[in-house]
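Everything on this sheet refers to the single structure shown next.
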Amino acid sequence: MEILVCVKRVPDSAENEISVGSDGTDIQRDDLTYGVNEWDNYAVEEAIQITERLGGNVTVVSVGDGDTEEVVRREMAMGAGQGLLLTDPAFEGSDGLGLARILQAAVKKGAYDLVLTGAQADDGAAQVGGMLAALLDWPYASLVNKIEVQEGSLVIGREIEGGAQEFSDIETPCVLSIQTGINEPRYVGLRGIRKVASVEIPVLTASALGLDPATVGAQGAKVRRIDYFVPPAGAGADMLKGSTADLAQQLFELLKAKGGLK
Amino acid sequence: MKIFALITHKDGVADDSALELAAAASALFPGSAPIALLTGSGSTLESACKDVAASYGEVWKFDAEALAYPNAELTRPLLLKALPAGSVVLMAHTTFGMDLGPGLSVKLGAAYVPDVVGAEGLEGTSLKVVRSEFSGQVSAHVHADVAAGAVVTVRSGAFRPDESRDKAGQVVDRSADAAGLASRRRFRSVVQAEAGDIDITREDVLVSVGRGIGEQENLELVKDLAEAMGAAVACSRPIVDAKWLEKPRQVGTSGQTVKPKVYLALGISGSFQHLGGLKGNPFIVAVNTNPKAPIFQVASVGIVADLLELVPALTEKINKAK
């Protein structure tokens, strides 16, 4: 099975406090640590597990610049044979549809049976996979947390509300967005990264992809983020302060008063 | 510009989102008279349409055997056929909305505006909305060009439901558009989450742990605290993803909906998916190292502290007082 996995380089929001930059047009990006979008890591792991069972190849693709190459390489180190970097100044400012168009062009350059994305990324839009499927006119399923490969089709489970799992048959080629928890992504050590350090990652520009620059990037975007701002504070929590012993004492009394101790 | 609201329903009753979408339509497109869209089959669809007709001036009903279970891969071609060019479609940002919306926007040639939490008005064909990014740590103003229509998904709870129910809307049978639908994805079955040894939905006091706990071995500190308090242990999604605790202990839209009196959130950032599973206005105590964590917006009491120090200190305090 030939599998393409789309990944995104994002600020690691579990490790960082995200705040609004001084002019409001972006978040404060100094001192942020970056990594692969958490959902995408599960998608890469799933692709690798499928090819380990059934044969085939995994290609990791990302839209971005030189910094993004590092993320592609890290995901290749998990066991993906190929990487692909889609880079062009014309791609800057793309909305979800612009990114889907760029990825569609990359999909058409290959002969893939399956395209995986993460279910969502840092902006929480959860949109690129579904748009890509529609552009390709392939079937789509979101929030997939189980894949079983059959002849010409897959049995998939989707995570739906309340922790229930919705099973369907889906024909290949198709696009699936992958939910966290579908597997346990393998650890990538320095050795693994060193092994793929010299593997060449082809870089494709808009013209190499046969893309009209007017359909992608800021020019082609129907949806634009104008600024970031600090969410309006609600009543907010009553913040307790003090030494650990003080805090424990205060909490103890509060919990007792509110019926939190039995 | 015609505005539609796609309404999901269960057992003949419209989902709560029906009233929220009516409110969102008024906020996003002032003065609009949204038309409700319902798909399904038979008597449950019939009664859901009647239910919704109290809140919408017009209801379009699409009845087909194939639509008995909501399948986004069938709903998409159906709407493409049924909706006039340039339509705006609102739907809830649920697992169904996420499945349907992005592709629908592409097929309609419309803008996709996902997970909207606020409205800032419509200027010509520029729709101005508020979204939330980075798990709720920052918000963003987003403008969308809706000249060719839009697909908008709305976050649950973001718009106060319009409860007036004074519409007596007309139900229009549009089932002819639903004839002969086919898709390359076929529904098999839904498997409910297996019940575990514990039912956290019945507990009054929950000690809930999130990613901030860091290492699996640190969970022991949390279990010790819960035992001292006489409380049950719950958790947020990353703990289940890591297989450190079992799924029935997960609070959130993709886990359990709980209604405790006291909720102690330890190292939980407070994503809207997590908070979506927390009902009944509990007394929430949040402990997190990140002072910007959204959980502090909803908590009654907050502490910026290291769990590994505070939790054992609290456990000791409680045990000594016994």
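Here's how to read the names in the structure tokens: chain A, B, ... by the order shown, residue numbers from 1 in each chain, ligand numbers from 1 in the order shown.
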Sorted per-residue table, chain B near chain A, closest atoms and distance, 7 Å, only C-alpha atoms, as a tab-separated table:
residue	atom	partner	partner_atom	distance
B:Thr95	CA	A:Ile160	CA	5.7
B:Met98	CA	A:Ala126	CA	6.7
B:Asp99	CA	A:Ser142	CA	5.3
B:Pro102	CA	A:Gly130	CA	5.1
B:Gly103	CA	A:Met131	CA	4.6
B:Val106	CA	A:Met131	CA	6.1
B:Lys107	CA	A:Ala134	CA	6.7
B:Ala111	CA	A:Lys222	CA	6.0
B:Pro114	CA	A:Ala125	CA	5.5
B:Asp115	CA	A:Ala125	CA	6.6
B:Glu133	CA	A:Asp123	CA	4.7
B:Phe134	CA	A:Asp122	CA	5.1
B:Gln137	CA	A:Ile18	CA	6.1
B:Val138	CA	A:Val230	CA	5.4
B:Ser139	CA	A:Phe229	CA	5.3
B:Ala140	CA	A:Tyr228	CA	4.3
B:His141	CA	A:Ile226	CA	5.5
B:Val142	CA	A:Arg225	CA	4.3
B:His143	CA	A:Arg224	CA	5.3
B:Ala144	CA	A:Val223	CA	4.3
B:Asp145	CA	A:Lys222	CA	5.1
B:Arg184	CA	A:Glu171	CA	5.6
B:Arg185	CA	A:Ile170	CA	4.2
B:Arg186	CA	A:Asp169	CA	5.1
B:Phe187	CA	A:Ser168	CA	4.3
B:Arg188	CA	A:Ser168	CA	4.8
B:Ser189	CA	A:Phe167	CA	5.3
B:Val190	CA	A:Glu166	CA	4.4
B:Val191	CA	A:Gln165	CA	5.2
B:Gln192	CA	A:Ala164	CA	4.4
B:Ala193	CA	A:Ala164	CA	4.9
B:Val205	CA	A:Gly260	CA	5.8
B:Met229	CA	A:Leu261	CA	4.7
B:Gly230	CA	A:Lys262	CA	5.2
B:Asp241	CA	A:Gly181	CA	4.1
B:Thr253	CA	A:Glu161	CA	5.7
B:Ser254	CA	A:Gly163	CA	4.6
B:Gly255	CA	A:Gly163	CA	4.6
B:Gln256	CA	A:Gly162	CA	5.9
B:Val262	CA	A:Gly260	CA	5.7
B:Asn290	CA	A:Glu17	CA	6.5
B:Lys292	CA	A:Glu17	CA	6.8
B:Phe296	CA	A:Ala237	CA	5.4
B:Gln297	CA	A:Gly236	CA	4.3
B:Val298	CA	A:Gly236	CA	6.1
B:Ala299	CA	A:Ala237	CA	5.0
B:Ser300	CA	A:Ala237	CA	4.7
B:Val301	CA	A:Asp238	CA	4.6
B:Gly302	CA	A:Met239	CA	4.6
B:Ile303	CA	A:Leu240	CA	5.4
B:Glu309	CA	A:Thr244	CA	7.0
B:Leu310	CA	A:Thr244	CA	5.8
B:Ala313	CA	A:Ala248	CA	6.0
B:Leu314	CA	A:Ala248	CA	4.7
B:Lys317	CA	A:Ala248	CA	7.0
B:Ile318	CA	A:Phe252	CA	6.7
>> I need the strand (DSSP E or B) residues of range 112-229 of chain A per DSSP on the backbone, written as number ranges by chain.
In response: A: 114-118, 140-149, 153-159, 165-171, 174-178, 203-204, 223-229
>> Excluding Ser198 in chain A and its own-chain neighbours fewer than 6 positions away, which residues fall within 12 Å of it when counting only C-alpha atoms? Please give them as a PyMOL selection string.
In response: chain A and resi 70+73+76-77+82-83+192
Can I get the selection written as a CSV table (one decimal), in the first residue's frame, with N, CA and C atoms?
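Below is the file that was written, part_22.csv:
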chain,number,residue,atom,x,y,z
A,70,GLU,N,13.1,19.8,9.0
A,70,GLU,CA,13.5,19.1,10.2
A,70,GLU,C,12.3,18.2,10.7
A,73,ARG,N,11.9,15.2,8.5
A,73,ARG,CA,13.0,14.2,8.7
A,73,ARG,C,12.7,13.5,10.0
A,76,MET,N,10.3,10.9,9.2
A,76,MET,CA,10.9,9.8,8.4
A,76,MET,C,11.7,8.9,9.3
A,77,ALA,N,12.2,9.4,10.4
A,77,ALA,CA,13.1,8.6,11.3
A,77,ALA,C,12.2,7.6,12.0
A,82,GLN,N,10.2,7.9,2.4
A,82,GLN,CA,10.4,9.2,1.7
A,82,GLN,C,9.8,10.4,2.4
A,83,GLY,N,10.4,11.5,2.0
A,83,GLY,CA,9.9,12.8,2.5
A,83,GLY,C,9.7,13.7,1.3
A,192,GLY,N,18.0,7.2,15.3
A,192,GLY,CA,17.0,7.1,14.2
A,192,GLY,C,17.1,8.3,13.3
> Using only C-alpha atoms, which residues sit within 8 Å of Ile50 in chain A once same-chain residues fewer than 5 positions away are excluded, as an MDAnalysis selection string?
Replying inline: chainID A and resid 1 55 149
Would you mind exporting C-alpha atoms of the selected residues as a short mmCIF file (atom, residue, chain, number, x, y, z; two decimals), in the first residue's frame?
data_model
loop_
_atom_site.label_atom_id
_atom_site.label_comp_id
_atom_site.auth_asym_id
_atom_site.auth_seq_id
_atom_site.Cartn_x
_atom_site.Cartn_y
_atom_site.Cartn_z
CA MET A 1 0.00 0.00 0.00
CA GLY A 55 4.19 -3.96 2.58
CA VAL A 149 -7.05 -3.08 5.53
#
>> With only C-alpha atoms as the counted atoms, please give the residues lying no more than 8 Å from Leu78 in chain B, apart from itself and same-chain residues fewer than 4 positions off, as number ranges by chain.
In response: B: 74, 82, 177-178, 181
